[in-house]
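One file, final.cif, is given below (mmCIF, C-alpha atoms and all ligand atoms).
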```
data_final
loop_
_atom_site.label_atom_id
_atom_site.label_comp_id
_atom_site.auth_asym_id
_atom_site.auth_seq_id
_atom_site.Cartn_x
_atom_site.Cartn_y
_atom_site.Cartn_z
CA MET M 1 74.68 96.34 73.67
CA ALA M 2 77.51 94.00 74.59
CA ARG M 3 78.47 92.53 77.97
CA ILE M 4 82.18 93.06 78.64
CA ALA M 5 84.17 91.45 81.48
CA VAL M 6 87.09 93.53 82.75
CA THR M 7 88.94 91.17 85.07
CA ASP M 8 92.24 92.87 85.95
CA GLY M 9 91.15 96.52 86.19
CA MET M 10 91.21 99.30 83.63
CA ALA M 11 91.42 103.12 83.63
CA GLU M 12 88.11 104.73 84.65
CA ASP M 13 87.89 106.82 81.47
CA ALA M 14 88.12 103.68 79.35
CA VAL M 15 85.32 102.02 81.34
CA LEU M 16 83.23 105.18 80.77
CA LEU M 17 84.01 105.10 77.05
CA LEU M 18 82.57 101.58 76.82
CA GLN M 19 79.55 102.44 78.97
CA GLN M 20 78.82 105.62 77.01
CA ALA M 21 78.74 103.49 73.87
CA GLY M 22 75.94 101.51 75.56
CA HIS M 23 77.91 98.48 76.71
CA GLU M 24 77.58 96.77 80.08
CA VAL M 25 80.96 96.57 81.82
CA VAL M 26 81.37 93.94 84.53
CA LEU M 27 84.43 94.75 86.65
CA GLY M 28 86.05 92.10 88.86
CA THR M 29 88.22 89.02 88.81
CA ILE M 30 86.83 85.70 87.63
CA ASP M 31 88.66 82.86 89.31
CA ALA M 32 90.43 80.16 87.32
CA ALA M 33 87.93 77.43 88.27
CA ASP M 34 84.97 79.52 87.04
CA LEU M 35 86.81 80.32 83.82
CA ALA M 36 87.43 76.61 83.29
CA ASN M 37 83.72 76.00 83.87
CA GLY M 38 82.66 78.32 81.07
CA ALA M 39 82.13 81.63 82.93
CA LEU M 40 83.01 83.52 79.75
CA GLY M 41 79.90 82.13 78.06
CA ASP M 42 77.94 85.09 79.48
CA PHE M 43 80.16 87.71 77.83
CA ASP M 44 80.72 89.17 74.36
CA ALA M 45 84.19 90.41 75.27
CA ILE M 46 86.81 90.04 77.97
CA ILE M 47 89.54 92.56 78.76
CA VAL M 48 92.47 91.23 80.81
CA ARG M 49 95.92 92.38 81.89
CA SER M 50 98.46 89.76 82.98
CA ALA M 51 96.78 88.25 86.06
CA THR M 52 93.92 86.48 84.24
CA LYS M 53 95.14 83.41 82.34
CA LEU M 54 93.24 82.30 79.26
CA PRO M 55 94.68 78.93 78.21
CA ALA M 56 93.21 76.69 75.50
CA ASP M 57 90.83 74.81 77.85
CA VAL M 58 89.25 78.07 79.05
CA ILE M 59 88.82 79.34 75.50
CA ALA M 60 87.39 75.99 74.37
CA VAL M 61 84.52 76.28 76.89
CA SER M 62 83.84 79.99 76.33
CA GLY M 63 80.91 79.31 73.97
CA ASP M 64 79.77 81.12 70.82
CA ARG M 65 78.97 84.48 72.42
CA LEU M 66 82.56 85.52 73.17
CA SER M 67 83.69 87.47 70.13
CA VAL M 68 86.82 89.33 71.26
CA ILE M 69 89.59 88.85 73.83
CA ALA M 70 91.54 91.99 74.69
CA ARG M 71 94.88 92.33 76.45
CA ALA M 72 95.14 95.77 78.06
CA GLY M 73 98.88 95.90 77.49
CA VAL M 74 101.48 94.41 75.19
CA GLY M 75 102.41 90.82 76.13
CA VAL M 76 99.87 88.13 75.23
CA ASP M 77 101.73 85.21 76.83
CA ASN M 78 98.82 84.69 79.27
CA ILE M 79 96.42 84.01 76.36
CA ASP M 80 96.48 81.02 74.02
CA ILE M 81 96.17 83.03 70.82
CA GLN M 82 96.17 79.90 68.62
CA ALA M 83 93.23 78.41 70.57
CA ALA M 84 91.41 81.74 70.25
CA ALA M 85 92.05 81.78 66.49
CA THR M 86 90.76 78.20 66.19
CA ALA M 87 87.60 79.32 68.01
CA GLY M 88 87.36 82.29 65.62
CA ILE M 89 88.03 84.84 68.36
CA PRO M 90 90.36 87.75 67.59
CA VAL M 91 92.84 88.70 70.33
CA VAL M 92 93.64 92.43 70.38
CA ASN M 93 96.25 94.31 72.42
CA ALA M 94 97.60 97.83 72.98
CA PRO M 95 101.18 97.59 71.71
CA ARG M 96 102.20 101.26 71.73
CA ALA M 97 100.50 102.74 74.78
CA SER M 98 103.09 101.87 77.42
CA THR M 99 106.32 102.23 75.42
CA GLN M 100 107.56 105.46 77.01
CA SER M 101 106.74 104.27 80.54
CA VAL M 102 108.71 101.03 80.11
CA VAL M 103 111.62 102.93 78.54
CA GLU M 104 111.76 105.25 81.54
CA LEU M 105 111.56 102.40 84.07
CA THR M 106 114.36 100.54 82.27
CA ILE M 107 116.63 103.58 82.38
CA GLY M 108 115.66 104.07 86.03
CA HIS M 109 116.75 100.51 86.82
CA LEU M 110 120.01 100.91 84.91
CA LEU M 111 120.89 104.11 86.76
CA SER M 112 119.77 102.67 90.11
CA SER M 113 122.05 99.68 89.59
CA ILE M 114 125.23 101.46 88.66
CA ARG M 115 124.88 104.13 91.39
CA HIS M 116 123.69 101.64 94.06
CA ILE M 117 120.60 103.74 94.76
CA PRO M 118 118.41 100.99 96.32
CA ARG M 119 121.33 99.65 98.39
CA ALA M 120 122.34 103.10 99.58
CA ASP M 121 118.74 103.84 100.55
CA ARG M 122 118.48 100.58 102.53
CA GLY M 123 121.70 101.51 104.35
CA LEU M 124 120.47 105.02 105.20
CA ARG M 125 117.29 103.59 106.72
CA ASP M 126 119.48 101.30 108.86
CA GLY M 127 121.39 104.34 110.11
CA LYS M 128 124.49 103.62 107.98
CA TRP M 129 126.46 106.33 106.17
CA GLU M 130 128.19 103.99 103.70
CA LYS M 131 129.75 106.61 101.46
CA LYS M 132 133.00 104.71 100.80
CA ILE M 133 131.46 101.46 99.57
CA MET M 134 128.91 103.18 97.33
CA LYS M 135 131.38 104.10 94.60
CA GLY M 136 129.57 103.53 91.32
CA THR M 137 130.35 103.82 87.63
CA GLU M 138 129.01 105.91 84.77
CA LEU M 139 126.90 104.64 81.90
CA SER M 140 128.87 106.83 79.50
CA GLU M 141 131.45 104.91 77.39
CA LYS M 142 129.88 101.53 78.24
CA ASN M 143 128.36 99.03 75.83
CA LEU M 144 124.65 98.36 76.29
CA GLY M 145 123.30 95.13 74.80
CA LEU M 146 119.59 95.10 74.01
CA ILE M 147 117.92 91.73 73.49
CA GLY M 148 115.06 92.43 71.11
CA PHE M 149 114.90 95.75 69.28
CA GLY M 150 111.24 96.73 69.10
CA ARG M 151 109.70 100.04 70.12
CA ILE M 152 110.75 99.87 73.79
CA ALA M 153 114.33 98.80 73.07
CA GLN M 154 114.69 101.53 70.46
CA GLY M 155 113.51 104.08 73.03
CA VAL M 156 115.95 102.74 75.62
CA GLY M 157 118.72 102.79 72.99
CA ALA M 158 118.07 106.45 72.16
CA VAL M 159 118.25 107.53 75.82
CA ALA M 160 121.32 105.35 76.39
CA GLN M 161 123.07 106.97 73.41
CA ALA M 162 122.23 110.40 74.81
CA LEU M 163 124.01 109.27 77.99
CA GLY M 164 127.08 108.31 75.99
CA MET M 165 126.56 104.55 75.75
CA THR M 166 127.26 102.49 72.64
CA VAL M 167 124.24 100.38 71.76
CA HIS M 168 124.39 96.79 70.52
CA THR M 169 121.41 94.58 69.79
CA TYR M 170 120.46 90.99 69.13
CA ASP M 171 117.14 90.58 67.31
CA PRO M 172 116.92 87.82 64.71
CA TYR M 173 113.78 89.41 63.21
CA LEU M 174 115.18 92.92 62.80
CA PRO M 175 115.90 94.23 59.28
CA PRO M 176 119.59 95.36 59.40
CA LYS M 177 118.61 98.78 58.02
CA VAL M 178 116.59 99.51 61.20
CA ALA M 179 119.66 98.83 63.37
CA LYS M 180 121.76 100.99 61.06
CA ALA M 181 119.28 103.86 61.17
CA GLN M 182 119.45 103.75 64.98
CA ASN M 183 123.26 103.68 64.96
CA THR M 184 123.24 100.29 66.65
CA THR M 185 125.47 97.25 66.10
CA LEU M 186 123.29 94.26 65.19
CA HIS M 187 124.67 90.88 66.32
CA LYS M 188 123.86 87.73 64.37
CA ASN M 189 124.20 85.59 67.46
CA VAL M 190 123.40 86.36 71.04
CA GLU M 191 126.80 85.11 72.30
CA THR M 192 128.70 87.98 70.68
CA LEU M 193 126.23 90.43 72.22
CA PHE M 194 127.04 89.06 75.68
CA SER M 195 130.79 89.01 75.08
CA ASN M 196 130.75 92.68 73.97
CA CYS M 197 128.46 94.21 76.59
CA THR M 198 128.83 94.99 80.28
CA HIS M 199 125.19 96.09 80.50
CA ILE M 200 122.33 93.98 79.13
CA SER M 201 118.65 94.89 79.02
CA ILE M 202 115.92 92.53 77.83
CA HIS M 203 113.13 93.64 75.49
CA CYS M 204 111.86 90.51 73.72
CA ASN M 205 108.72 88.42 74.14
CA LEU M 206 108.68 85.25 76.20
CA ASN M 207 108.26 82.18 74.00
CA ASP M 208 109.92 78.78 73.49
CA GLU M 209 112.82 80.45 71.70
CA THR M 210 113.52 83.03 74.42
CA HIS M 211 112.82 80.96 77.56
CA HIS M 212 116.06 81.05 79.64
CA LEU M 213 117.86 82.82 76.80
CA VAL M 214 119.87 84.52 79.54
CA ASN M 215 121.60 81.52 81.12
CA ALA M 216 124.82 80.68 82.98
CA GLU M 217 126.90 80.14 79.83
CA ARG M 218 125.90 83.46 78.30
CA LEU M 219 126.29 85.45 81.51
CA ALA M 220 129.80 83.99 81.79
CA LEU M 221 130.70 85.66 78.46
CA MET M 222 130.13 89.20 79.75
CA PRO M 223 133.44 91.12 79.91
CA GLY M 224 133.10 92.99 83.21
CA ARG M 225 135.39 95.72 81.88
CA SER M 226 134.33 98.49 79.52
CA ASN M 227 136.06 99.97 76.48
CA ASP M 228 137.40 102.83 78.61
CA GLY M 229 139.21 100.26 80.79
CA ILE M 230 136.95 100.66 83.80
CA ALA M 231 136.17 97.48 85.75
CA CYS M 232 132.51 98.40 85.87
CA GLY M 233 131.26 94.81 86.33
CA ASN M 234 128.31 93.29 84.52
CA HIS M 235 124.74 94.51 84.91
CA ILE M 236 121.42 92.92 83.95
CA VAL M 237 118.02 94.59 83.66
CA ASN M 238 114.73 92.92 82.73
CA CYS M 239 111.51 94.92 82.32
CA ALA M 240 110.10 92.57 79.64
CA ARG M 241 108.97 89.15 80.85
CA GLY M 242 109.93 86.73 83.58
CA GLY M 243 111.30 83.42 82.34
CA ILE M 244 113.67 84.93 79.77
CA ILE M 245 116.36 84.97 82.48
CA ASP M 246 117.23 81.74 84.28
CA GLU M 247 116.90 83.19 87.80
CA VAL M 248 118.94 80.38 89.39
CA ALA M 249 121.84 81.12 87.03
CA LEU M 250 121.48 84.85 87.68
CA LEU M 251 121.67 84.35 91.45
CA GLU M 252 124.76 82.15 91.07
CA ALA M 253 126.43 84.80 88.90
CA LEU M 254 125.62 87.45 91.54
CA GLU M 255 127.01 85.22 94.29
CA GLN M 256 130.22 84.67 92.31
CA GLY M 257 130.49 88.43 91.76
CA HIS M 258 130.56 87.95 87.97
CA VAL M 259 127.28 89.85 87.73
CA ALA M 260 127.64 93.07 89.72
CA SER M 261 123.95 93.95 89.73
CA ALA M 262 120.59 92.63 88.63
CA ALA M 263 117.41 94.68 88.43
CA LEU M 264 114.16 92.93 87.59
CA ASP M 265 110.62 94.20 87.10
CA VAL M 266 109.38 90.77 85.99
CA PHE M 267 109.87 87.31 87.45
CA GLU M 268 109.49 83.64 86.54
CA THR M 269 106.78 83.40 89.22
CA GLU M 270 104.62 86.46 89.89
CA PRO M 271 104.09 87.60 92.56
CA VAL M 272 107.66 86.57 93.37
CA PRO M 273 107.76 84.91 96.83
CA ALA M 274 109.16 87.26 99.48
CA ASP M 275 111.65 84.58 100.60
CA ALA M 276 113.10 84.08 97.10
CA LEU M 277 116.91 84.03 97.49
CA LEU M 278 117.36 86.47 94.61
CA LEU M 279 115.46 89.12 96.57
CA GLN M 280 117.81 88.70 99.52
CA HIS M 281 120.96 89.41 97.49
CA GLU M 282 122.37 92.85 98.25
CA HIS M 283 123.18 93.57 94.61
CA PHE M 284 119.66 92.79 93.48
CA HIS M 285 116.81 95.26 93.38
CA GLY M 286 113.39 94.91 91.86
CA THR M 287 109.92 96.27 91.22
CA PRO M 288 106.61 94.35 91.07
CA HIS M 289 105.93 94.36 87.27
CA ILE M 290 105.21 98.09 87.09
CA GLY M 291 106.61 98.87 83.62
CA ALA M 292 103.25 100.09 82.36
CA ALA M 293 102.03 101.37 85.70
CA THR M 294 101.94 105.10 85.05
CA MET M 295 98.92 107.36 84.84
CA GLU M 296 99.79 108.23 81.26
CA ALA M 297 100.33 104.65 80.05
CA GLN M 298 97.21 103.31 81.72
CA ALA M 299 95.06 106.11 80.25
CA ARG M 300 96.44 105.32 76.78
CA VAL M 301 96.15 101.54 77.25
CA GLY M 302 92.52 101.86 78.36
CA ARG M 303 91.58 104.17 75.50
CA ASP M 304 93.35 102.06 72.85
CA ILE M 305 91.89 98.79 74.10
CA ALA M 306 88.34 100.19 74.42
CA HIS M 307 88.49 101.35 70.79
CA ALA M 308 89.91 98.01 69.63
CA VAL M 309 87.18 96.05 71.44
CA MET M 310 84.42 98.30 70.10
CA ALA M 311 85.77 98.00 66.55
CA VAL M 312 85.43 94.22 66.71
CA LEU M 313 82.05 94.32 68.48
CA ASP M 314 80.82 96.64 65.71
CA GLY M 315 81.66 93.94 63.16
CA GLY M 316 84.97 95.43 62.06
CA THR M 317 88.57 94.56 62.81
CA SER M 318 91.32 96.09 64.91
CA GLU M 319 94.78 96.80 63.54
CA THR M 320 96.15 95.42 66.80
CA THR M 321 94.77 91.90 66.31
CA VAL M 322 97.64 89.58 67.21
CA ASN M 323 96.22 86.29 65.93
CA ALA M 324 94.82 87.33 62.52
CA HIS M 325 97.54 85.28 60.79
CA LEU M 326 96.40 82.14 62.65
CA MET M 327 92.74 82.43 61.66
CA SER M 328 91.50 80.52 58.62
C1 LIG P 1 102.50 94.54 79.22
O1 LIG P 1 102.69 93.47 78.64
O2 LIG P 1 101.79 95.43 78.75
C2 LIG P 1 103.16 94.82 80.53
O3 LIG P 1 103.86 93.75 81.01
C3 LIG P 1 102.30 95.49 81.53
C4 LIG P 1 101.31 94.68 82.28
O4 LIG P 1 101.14 93.49 82.08
O5 LIG P 1 100.67 95.25 83.13
#
```
Can the structure in the file be given as structure tokens, please?
Ligand code: MLT
Amino acid sequence: MARIAVTDGMAEDAVLLLQQAGHEVVLGTIDAADLANGALGDFDAIIVRSATKLPADVIAVSGDRLSVIARAGVGVDNIDIQAAATAGIPVVNAPRASTQSVVELTIGHLLSSIRHIPRADRGLRDGKWEKKIMKGTELSEKNLGLIGFGRIAQGVGAVAQALGMTVHTYDPYLPPKVAKAQNTTLHKNVETLFSNCTHISIHCNLNDETHHLVNAERLALMPGRSNDGIACGNHIVNCARGGIIDEVALLEALEQGHVASAALDVFETEPVPADALLLQHEHFHGTPHIGAATMEAQARVGRDIAHAVMAVLDGGTSETTVNAHLMS
């Protein structure tokens, strides 16, 4: 029987799955100071989402008992996967479980932006009937630029094409044949993606290469006018990770009117402070990192991660180990 810490919550069925296999599940946050003082030494496994941070110093004091770290989700930027590999601890995730939910939220943000849905709703609640100033644009005939072209971006691309958009992508790791099969124009450099697209959605990981990849210079390249001649303005959506967009540059571009709308589900600092200037801008709307927050995605995430953890605890491996290549 293993002792498993679940620090950021998990679907009830997944907790039951672990318990029915005879494991002890300890639910509840462990604060950063306790983690740094070796609190993980009492566990065989830890399952986190994004709130719990597992940097190198926490992993270094976790002791010999900890044999698997699990991320109930996709992004592992809150875990030092190299430090875990050095300590011989596999890090597993659930890369497929939330794809459809994030696709749907991204499309929701795109549509909300171009039809001013959040702004119109705020006006209605203030007793305003602002019909004249709520003239929007269509997605049809516009160029959508996707930064990163993994599972989520491909899903977004397919829906966008069904809505009549032309899809472009920048993904330096993508085999050109994948872009071709998806009827997508693959850009060799991110600048040409920006200069061709009035709508940009982000779908890459956050790392040194992608930090502030969306900056003032690149935003300035966006054309603001679509192929059909409509001055639709420029629109930015991010349901991937905070930190990929330089939020100061984004706010400036909104203030100048060069960016017509920005919709973010993820922020450089989470929770984003309520007085952040970006949140006050009338052409901004956001959600609190809810891409994977659907009943369906959470059920799948929990099930996938419980199986991955149990595979490792049983002495096997999981196909979703993200640091296998770093282990000697
Ligand atoms: C993920 O990486 O799976 C998502 O950002 C969802 C989450 O962290 O809850």
Practice problem: Counting all atoms listed in the file, select every polymer residue within 7 Å of (117.6, 94.0, 79.9) as defined in the file's coordinates, and provide the selection as a count of residues only. | Solution: 10
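When all atoms listed in the file are used to measure the gap to ligand LIG 1 (chain P), the shortest distance among M:Lys128, M:His116, M:Arg241, M:Arg225 belongs to M:Arg241.
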Practice problem: List all protein, DNA and RNA residues that have at least one atom no more than 12 Å from any atom of ligand LIG 1 (chain P), counting all atoms listed in the file, and write them as a ChimeraX atom specification. | Solution: /M:8-10,48-53,70-79,93-103,105,152,203-206,238-242,265-267,270,288-294,297-298,300-302,305
Quiz prompt | Shell of 6 Å around stretch 320-325 of chain M, only C-alpha atoms, local chain residues under 4 positions omitted, as a PyMOL selection string | solution = chain M and resi 81+91-93
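Distances from M:Pro118, M:Gly63, M:Gly88, M:Gly145 to M:Glu282 were compared using only C-alpha atoms, and the smallest one belongs to M:Pro118.
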